[in-house]
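Student: Sharing a structure below in structure tokens format, with a few things to ask.
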Amino acid sequence: MKEPLAYMRKAQGSWEKRILKSLNSMCTELSIPLAQKRPVSEQKELLNKWNEMGTDEPDLSLFRPVYAPKDFLEVLMNLRNPNYENGEHPSFRNHLGLIQVPLKVKDIPELKEDFSELGLNIGQLGIDDSAQVPPEFFENEHVRVGQKVLAEQDSAAAQQYVRQGCPTALRADLWALILNISNQPEDILYYEQLKSNVIQHDLLVDSLIYKDVKLTASNDDYYFVFEDYLYQVLLCFSRDTAVLEHFTYSSATPPRSYIRGKLGMEEYAVFYPPNGVIPFHGFSMYVAPLCFLYHEPSKLYQIFREMYVRFFFRLHSISSHPSGIVSLCLLFETLLQTHLPQLFYHLREIGAQPLRISFKWMVRAFSGYLATDQLLLLWDRILGYNSLEVLAVLAAAVFAFRAVNLMEVTSLAAAEAVLADLSTLKVMPLLQIFLFATVT
Amino acid sequence: MGGGMPVLGLRPPVPQVHEIVFRNFYTAFLSVRVQRPGPPGSRRWVTCLRDYCLMPCPHTEEGSQDYFSLRRHQMLCDVDQVTAVRFILRQPSPVWLHFTIEELQIFPPGQKSPQKDFPSWLSQLTPPEQPASLHRELPDPEKVSTEVQQMWVLTEVIRARQAAARIGRFDVDGCYDINLLSYT
């Protein structure tokens, strides 16, 4: 089911139209076609430097990202249900945060039940494998169980297992088992076919990808080494029409175009880009952490594609799904407002609505904000629980952790500064304390 | 302003009611009453569905615009010889401006509802059942095996229906020379 609520479908449609207009105007301004066949000499050149596309320094100064997370946040803030009493004056009907749609979100008792494996008396990687804890207590046994799950190739057991975290040595295989990626010869062949599509046709979207990688991953201390991998994955991703299948359950619709001279004729309609996904600022950060786990391009590609069509697409489309970004934002705001009301009120009063700071974390699934080992522990739980709700809970837990400092700030800029650096945070203790050890 | 309890009344096309299909619009609870012949000569109203929950959490969006299908075996009384049907809508939450049900259709037996894709015995909605108490005895193995069989057939049907055709094509006749993106 794509999206049951009519006003959400409408909002998604308007948002998509804005993106298309932006892309079209970039196209006409720069006089660059959306797609063109590469001349043979250029094809040869690209094939030769396929493994080192990062060394290329094309002039990208005229390109700009189609949109950034903060533009998307503005759209979500203005989302209204026309059948809801959106009164002018504050009342119990208005939410105190930025999101004003009445979606159902879980409260802490419900989250405690859903995320019961994160409880205080259950072993976790990210907590019970620290240097001070003898490995006999938990870690050794957990690794042993993980090896057994892999030997049995039991996908359901793997999903249950990773709720307590993956041992580093087993993570790549466990994630592949959960995502059902086996890298058969036909998968490798499919990837090679996509690669040849990249060689043959040059898409405008390619320049957006280049720009995004250069602006984000290349500047990141942890991920710049993977720059070449990112091009190899994302350029192929844009050509992959198999991704179009996820639109049957996404609230989004892929953009269309017509072969030159055949405007309006259905037989000459194609999707653009071929996979229907227009990348935004920060998109490459969905791929970057996976480069730590997978080094074979075809397998890395398939893992990323599966992660995208299962999870990441929900972070940049408007829907009422419980793991959709709108629900995550509302869950974050509700958790914060219910359990840290003083902090929430204070931040509101100084013009620093908490979602303005945490939105970018959630849209990127915290990639680029946390240290990589912590990020991978977080993504273990996304896979284990098949839900993105843990992102909203972590965002609230981060605010709770820095509450004392935040109570003393007097401006949005100061609040941003307190929360600018998350690289020292340990994800699992924060989640555990917020869910299971906070006095409510 | 929300609240109130609208009642929709209508005459079914045929006296036998097999299925009622509608799309919800922010109604939380639905009751259905039918008018049937009572003691000779008169007609009486009988409740055939009482406070059927459409929105589990009336202040929030869950179920607010979903499609629902009600079958005769979910009803409390016999729905043959029906001369009139009344829908009583309740929405206790004051936050909604309007609430109603839309696209209402009543199907007599024999006429298929819009769900034509799979055999009717697969689409039968079972009435809410009490969870089996295992304290006294094990559940009936016959019942368990029929339920498992139904689920297995459903998965087989879904698997068989996988569309082989791709949704889109990369290029048309080897060409990907395109204009601007289309807004419609």
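In the structure tokens, the first chain shown is A, the next is B, and so on; residue numbers restart at 1 for each chain, and ligands run from 1 in the order shown.
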Would you give me, as a ChimeraX atom specification, the residues of chain A that come within 7 Å of chain B, using only C-alpha atoms?

Tutor: /A:4-5,17,20,24,34-36,83-85,93,102-104,241,244-245,255-260,268,270-271,274

Student: Expressed in Å to a single decimal, how great is the separation between CA of Ser323 in chain A and CA of Trp379 in chain A?

Tutor: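 Atom-to-atom, CA of Ser323 in chain A and CA of Trp379 in chain A are spaced 14.0 Å apart.
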
Student: Residues of range 204-415 of chain A classed as strand (DSSP E or B) by DSSP on the backbone are to be reported as a list of chain:residue names.

Tutor: A:Arg256, A:Ser257, A:Tyr258, A:Ile259, A:Ala269, A:Val270, A:Phe271

Student: Which residues are close to range 326-336 of chain A, i.e. within 9 Å by only C-alpha atoms, leaving aside same-chain residues fewer than 4 positions away? Reply as a PyMOL selection string.

Tutor: chain A and resi 76+95-108+315+317-322+340-341+343-344+354-355+358-359+362+388-397+399-400

Student: I'd like the contact shell of range 192-198 of chain A - 10 Å cut-off, only C-alpha atoms, skipping same-chain residues fewer than 6 positions apart - returned as a PDB file with all heavy atoms, in the first residue's frame.

Tutor:
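Printed below is result-v6.pdb as written:
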```
ATOM      1  N   LYS A  37      24.469  10.255 -24.843  1.00  0.00           N
ATOM      2  CA  LYS A  37      25.333   9.107 -25.076  1.00  0.00           C
ATOM      3  C   LYS A  37      26.773   9.606 -25.098  1.00  0.00           C
ATOM      4  O   LYS A  37      27.087  10.651 -25.660  1.00  0.00           O
ATOM      5  CB  LYS A  37      24.975   8.465 -26.413  1.00  0.00           C
ATOM      6  CG  LYS A  37      25.346   6.991 -26.457  1.00  0.00           C
ATOM      7  CD  LYS A  37      24.689   6.310 -27.638  1.00  0.00           C
ATOM      8  CE  LYS A  37      25.302   4.960 -27.885  1.00  0.00           C
ATOM      9  NZ  LYS A  37      24.788   3.906 -27.044  1.00  0.00           N
ATOM     10  N   ARG A  38      27.650   8.832 -24.443  1.00  0.00           N
ATOM     11  CA  ARG A  38      29.047   9.249 -24.428  1.00  0.00           C
ATOM     12  C   ARG A  38      29.730   8.906 -25.744  1.00  0.00           C
ATOM     13  O   ARG A  38      29.541   7.818 -26.263  1.00  0.00           O
ATOM     14  CB  ARG A  38      29.791   8.506 -23.313  1.00  0.00           C
ATOM     15  CG  ARG A  38      29.853   9.230 -22.000  1.00  0.00           C
ATOM     16  CD  ARG A  38      30.756   8.465 -21.049  1.00  0.00           C
ATOM     17  NE  ARG A  38      30.031   8.039 -19.868  1.00  0.00           N
ATOM     18  CZ  ARG A  38      29.892   8.786 -18.776  1.00  0.00           C
ATOM     19  NH1 ARG A  38      30.442   9.985 -18.729  1.00  0.00           N
ATOM     20  NH2 ARG A  38      29.224   8.345 -17.748  1.00  0.00           N
ATOM     21  N   GLN A  43      34.083   6.983 -23.548  1.00  0.00           N
ATOM     22  CA  GLN A  43      33.737   5.707 -22.930  1.00  0.00           C
ATOM     23  C   GLN A  43      35.002   4.951 -22.551  1.00  0.00           C
ATOM     24  O   GLN A  43      35.126   4.413 -21.454  1.00  0.00           O
ATOM     25  CB  GLN A  43      32.895   4.857 -23.894  1.00  0.00           C
ATOM     26  CG  GLN A  43      31.486   5.370 -24.100  1.00  0.00           C
ATOM     27  CD  GLN A  43      30.660   4.408 -24.931  1.00  0.00           C
ATOM     28  OE1 GLN A  43      30.873   3.197 -24.906  1.00  0.00           O
ATOM     29  NE2 GLN A  43      29.696   4.935 -25.668  1.00  0.00           N
ATOM     30  N   LEU A  46      36.704   6.504 -19.530  1.00  0.00           N
ATOM     31  CA  LEU A  46      36.033   6.234 -18.267  1.00  0.00           C
ATOM     32  C   LEU A  46      36.285   4.800 -17.827  1.00  0.00           C
ATOM     33  O   LEU A  46      36.515   4.534 -16.641  1.00  0.00           O
ATOM     34  CB  LEU A  46      34.526   6.487 -18.415  1.00  0.00           C
ATOM     35  CG  LEU A  46      33.707   6.364 -17.132  1.00  0.00           C
ATOM     36  CD1 LEU A  46      34.239   7.283 -16.044  1.00  0.00           C
ATOM     37  CD2 LEU A  46      32.237   6.686 -17.402  1.00  0.00           C
ATOM     38  N   LEU A  47      36.279   3.893 -18.779  1.00  0.00           N
ATOM     39  CA  LEU A  47      36.518   2.488 -18.436  1.00  0.00           C
ATOM     40  C   LEU A  47      37.903   2.313 -17.834  1.00  0.00           C
ATOM     41  O   LEU A  47      38.103   1.580 -16.885  1.00  0.00           O
ATOM     42  CB  LEU A  47      36.353   1.640 -19.699  1.00  0.00           C
ATOM     43  CG  LEU A  47      36.291   0.126 -19.506  1.00  0.00           C
ATOM     44  CD1 LEU A  47      35.182  -0.237 -18.553  1.00  0.00           C
ATOM     45  CD2 LEU A  47      36.070  -0.557 -20.855  1.00  0.00           C
ATOM     46  N   TRP A  50      37.994   3.628 -14.186  1.00  0.00           N
ATOM     47  CA  TRP A  50      36.819   3.248 -13.398  1.00  0.00           C
ATOM     48  C   TRP A  50      37.149   3.100 -11.913  1.00  0.00           C
ATOM     49  O   TRP A  50      36.344   3.436 -11.039  1.00  0.00           O
ATOM     50  CB  TRP A  50      36.241   1.936 -13.948  1.00  0.00           C
ATOM     51  CG  TRP A  50      35.070   1.430 -13.183  1.00  0.00           C
ATOM     52  CD1 TRP A  50      35.053   0.409 -12.291  1.00  0.00           C
ATOM     53  CD2 TRP A  50      33.732   1.924 -13.239  1.00  0.00           C
ATOM     54  NE1 TRP A  50      33.778   0.236 -11.782  1.00  0.00           N
ATOM     55  CE2 TRP A  50      32.958   1.147 -12.350  1.00  0.00           C
ATOM     56  CE3 TRP A  50      33.100   2.949 -13.951  1.00  0.00           C
ATOM     57  CZ2 TRP A  50      31.594   1.361 -12.158  1.00  0.00           C
ATOM     58  CZ3 TRP A  50      31.743   3.144 -13.760  1.00  0.00           C
ATOM     59  CH2 TRP A  50      30.999   2.353 -12.865  1.00  0.00           C
ATOM     60  N   GLU A 186      25.100 -14.372 -11.313  1.00  0.00           N
ATOM     61  CA  GLU A 186      24.174 -13.506 -12.062  1.00  0.00           C
ATOM     62  C   GLU A 186      24.086 -12.119 -11.459  1.00  0.00           C
ATOM     63  O   GLU A 186      23.836 -11.139 -12.167  1.00  0.00           O
ATOM     64  CB  GLU A 186      22.767 -14.114 -12.155  1.00  0.00           C
ATOM     65  CG  GLU A 186      22.132 -14.491 -10.849  1.00  0.00           C
ATOM     66  CD  GLU A 186      22.251 -15.974 -10.573  1.00  0.00           C
ATOM     67  OE1 GLU A 186      23.261 -16.555 -11.043  1.00  0.00           O
ATOM     68  OE2 GLU A 186      21.386 -16.523  -9.894  1.00  0.00           O
ATOM     69  N   ASP A 206      24.647  12.237 -12.670  1.00  0.00           N
ATOM     70  CA  ASP A 206      26.029  11.860 -12.338  1.00  0.00           C
ATOM     71  C   ASP A 206      26.775  13.026 -11.725  1.00  0.00           C
ATOM     72  O   ASP A 206      27.526  12.866 -10.757  1.00  0.00           O
ATOM     73  CB  ASP A 206      26.792  11.408 -13.591  1.00  0.00           C
ATOM     74  CG  ASP A 206      26.253  10.118 -14.154  1.00  0.00           C
ATOM     75  OD1 ASP A 206      25.457   9.451 -13.465  1.00  0.00           O
ATOM     76  OD2 ASP A 206      26.628   9.773 -15.290  1.00  0.00           O
ATOM     77  N   GLN A 232      31.500   4.232  -7.797  1.00  0.00           N
ATOM     78  CA  GLN A 232      31.187   2.945  -8.432  1.00  0.00           C
ATOM     79  C   GLN A 232      29.812   2.437  -8.014  1.00  0.00           C
ATOM     80  O   GLN A 232      29.134   1.777  -8.779  1.00  0.00           O
ATOM     81  CB  GLN A 232      32.250   1.905  -8.066  1.00  0.00           C
ATOM     82  CG  GLN A 232      33.590   2.175  -8.717  1.00  0.00           C
ATOM     83  CD  GLN A 232      34.656   1.215  -8.241  1.00  0.00           C
ATOM     84  OE1 GLN A 232      34.366   0.062  -7.945  1.00  0.00           O
ATOM     85  NE2 GLN A 232      35.886   1.676  -8.170  1.00  0.00           N
ATOM     86  N   VAL A 233      29.421   2.733  -6.800  1.00  0.00           N
ATOM     87  CA  VAL A 233      28.101   2.276  -6.347  1.00  0.00           C
ATOM     88  C   VAL A 233      27.005   3.212  -6.825  1.00  0.00           C
ATOM     89  O   VAL A 233      26.002   2.784  -7.403  1.00  0.00           O
ATOM     90  CB  VAL A 233      28.067   2.180  -4.805  1.00  0.00           C
ATOM     91  CG1 VAL A 233      26.650   2.045  -4.290  1.00  0.00           C
ATOM     92  CG2 VAL A 233      28.904   1.001  -4.336  1.00  0.00           C
ATOM     93  N   LEU A 235      26.817   5.664  -9.167  1.00  0.00           N
ATOM     94  CA  LEU A 235      26.567   5.833 -10.594  1.00  0.00           C
ATOM     95  C   LEU A 235      25.796   4.634 -11.135  1.00  0.00           C
ATOM     96  O   LEU A 235      24.882   4.776 -11.941  1.00  0.00           O
ATOM     97  CB  LEU A 235      27.888   6.012 -11.360  1.00  0.00           C
ATOM     98  CG  LEU A 235      28.669   7.283 -11.055  1.00  0.00           C
ATOM     99  CD1 LEU A 235      29.977   7.310 -11.824  1.00  0.00           C
ATOM    100  CD2 LEU A 235      27.849   8.516 -11.386  1.00  0.00           C
ATOM    101  N   CYS A 236      26.148   3.441 -10.665  1.00  0.00           N
ATOM    102  CA  CYS A 236      25.418   2.242 -11.094  1.00  0.00           C
ATOM    103  C   CYS A 236      24.002   2.250 -10.524  1.00  0.00           C
ATOM    104  O   CYS A 236      23.052   1.863 -11.196  1.00  0.00           O
ATOM    105  CB  CYS A 236      26.148   0.984 -10.640  1.00  0.00           C
ATOM    106  SG  CYS A 236      27.673   0.693 -11.541  1.00  0.00           S
ATOM    107  N   PHE A 237      23.872   2.712  -9.286  1.00  0.00           N
ATOM    108  CA  PHE A 237      22.564   2.760  -8.636  1.00  0.00           C
ATOM    109  C   PHE A 237      21.576   3.577  -9.467  1.00  0.00           C
ATOM    110  O   PHE A 237      20.412   3.189  -9.631  1.00  0.00           O
ATOM    111  CB  PHE A 237      22.740   3.365  -7.234  1.00  0.00           C
ATOM    112  CG  PHE A 237      21.479   3.470  -6.418  1.00  0.00           C
ATOM    113  CD1 PHE A 237      20.808   2.333  -6.017  1.00  0.00           C
ATOM    114  CD2 PHE A 237      20.984   4.711  -6.046  1.00  0.00           C
ATOM    115  CE1 PHE A 237      19.653   2.437  -5.247  1.00  0.00           C
ATOM    116  CE2 PHE A 237      19.830   4.810  -5.283  1.00  0.00           C
ATOM    117  CZ  PHE A 237      19.168   3.676  -4.882  1.00  0.00           C
ATOM    118  N   SER A 238      22.038   4.696 -10.042  1.00  0.00           N
ATOM    119  CA  SER A 238      21.145   5.538 -10.841  1.00  0.00           C
ATOM    120  C   SER A 238      20.628   4.839 -12.078  1.00  0.00           C
ATOM    121  O   SER A 238      19.591   5.209 -12.609  1.00  0.00           O
ATOM    122  CB  SER A 238      21.856   6.794 -11.313  1.00  0.00           C
ATOM    123  OG  SER A 238      22.248   7.564 -10.239  1.00  0.00           O
ATOM    124  N   ARG A 239      21.371   3.858 -12.561  1.00  0.00           N
ATOM    125  CA  ARG A 239      20.949   3.175 -13.800  1.00  0.00           C
ATOM    126  C   ARG A 239      20.085   1.962 -13.521  1.00  0.00           C
ATOM    127  O   ARG A 239      19.582   1.367 -14.465  1.00  0.00           O
ATOM    128  CB  ARG A 239      22.167   2.684 -14.590  1.00  0.00           C
ATOM    129  CG  ARG A 239      22.722   3.671 -15.596  1.00  0.00           C
ATOM    130  CD  ARG A 239      23.411   4.768 -14.956  1.00  0.00           C
ATOM    131  NE  ARG A 239      24.163   5.615 -15.865  1.00  0.00           N
ATOM    132  CZ  ARG A 239      24.797   6.695 -15.453  1.00  0.00           C
ATOM    133  NH1 ARG A 239      24.767   7.023 -14.173  1.00  0.00           N
ATOM    134  NH2 ARG A 239      25.466   7.425 -16.316  1.00  0.00           N
ATOM    135  N   ASP A 240      19.891   1.599 -12.274  1.00  0.00           N
ATOM    136  CA  ASP A 240      19.296   0.302 -11.956  1.00  0.00           C
ATOM    137  C   ASP A 240      17.770   0.360 -11.938  1.00  0.00           C
ATOM    138  O   ASP A 240      17.174   0.798 -10.964  1.00  0.00           O
ATOM    139  CB  ASP A 240      19.838  -0.180 -10.612  1.00  0.00           C
ATOM    140  CG  ASP A 240      19.546  -1.647 -10.356  1.00  0.00           C
ATOM    141  OD1 ASP A 240      18.737  -2.238 -11.116  1.00  0.00           O
ATOM    142  OD2 ASP A 240      20.124  -2.207  -9.426  1.00  0.00           O
ATOM    143  N   THR A 241      17.133  -0.110 -12.991  1.00  0.00           N
ATOM    144  CA  THR A 241      15.668  -0.059 -13.065  1.00  0.00           C
ATOM    145  C   THR A 241      15.007  -1.012 -12.064  1.00  0.00           C
ATOM    146  O   THR A 241      13.831  -0.875 -11.781  1.00  0.00           O
ATOM    147  CB  THR A 241      15.162  -0.405 -14.473  1.00  0.00           C
ATOM    148  OG1 THR A 241      15.784  -1.608 -14.895  1.00  0.00           O
ATOM    149  CG2 THR A 241      15.490   0.703 -15.441  1.00  0.00           C
ATOM    150  N   PRO A 297      32.980  -4.601  -5.148  1.00  0.00           N
ATOM    151  CA  PRO A 297      31.998  -3.597  -5.590  1.00  0.00           C
ATOM    152  C   PRO A 297      30.602  -4.156  -5.832  1.00  0.00           C
ATOM    153  O   PRO A 297      29.612  -3.530  -5.470  1.00  0.00           O
ATOM    154  CB  PRO A 297      32.600  -3.051  -6.892  1.00  0.00           C
ATOM    155  CG  PRO A 297      34.051  -3.295  -6.774  1.00  0.00           C
ATOM    156  CD  PRO A 297      34.215  -4.548  -5.966  1.00  0.00           C
ATOM    157  N   SER A 298      30.522  -5.356  -6.427  1.00  0.00           N
ATOM    158  CA  SER A 298      29.199  -5.878  -6.742  1.00  0.00           C
ATOM    159  C   SER A 298      28.415  -6.199  -5.466  1.00  0.00           C
ATOM    160  O   SER A 298      27.227  -5.934  -5.358  1.00  0.00           O
ATOM    161  CB  SER A 298      29.361  -7.089  -7.662  1.00  0.00           C
ATOM    162  OG  SER A 298      28.537  -8.111  -7.274  1.00  0.00           O
TER     163      SER A 298
ATOM    164  N   PHE B 170      15.288   1.295 -19.241  1.00  0.00           N
ATOM    165  CA  PHE B 170      16.334   2.304 -19.233  1.00  0.00           C
ATOM    166  C   PHE B 170      16.203   3.159 -20.485  1.00  0.00           C
ATOM    167  O   PHE B 170      16.179   4.371 -20.443  1.00  0.00           O
ATOM    168  CB  PHE B 170      17.704   1.614 -19.210  1.00  0.00           C
ATOM    169  CG  PHE B 170      18.870   2.534 -18.985  1.00  0.00           C
ATOM    170  CD1 PHE B 170      19.829   2.212 -18.072  1.00  0.00           C
ATOM    171  CD2 PHE B 170      19.021   3.715 -19.698  1.00  0.00           C
ATOM    172  CE1 PHE B 170      20.918   3.038 -17.865  1.00  0.00           C
ATOM    173  CE2 PHE B 170      20.106   4.554 -19.497  1.00  0.00           C
ATOM    174  CZ  PHE B 170      21.057   4.199 -18.570  1.00  0.00           C
TER     175      PHE B 170
END
```

Student: Can you tell me, as a list of chain:residue names, what residues are no more than 8 Å from Ala176 in chain A when counting only C-alpha atoms, ignoring any on the same chain fewer than 5 positions away?

Tutor: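 Counting only the stated atoms, we get A:Ile181, A:Ser182, A:Ile303.
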
Student: Would you return as a PyMOL selection string the members of range 46-192 of chain A that DSSP assigns to alpha helix (DSSP H) on this structure's backbone?

Tutor: chain A and resi 46-48+69-77+108-114+139-152+155-161+168-179+185-192
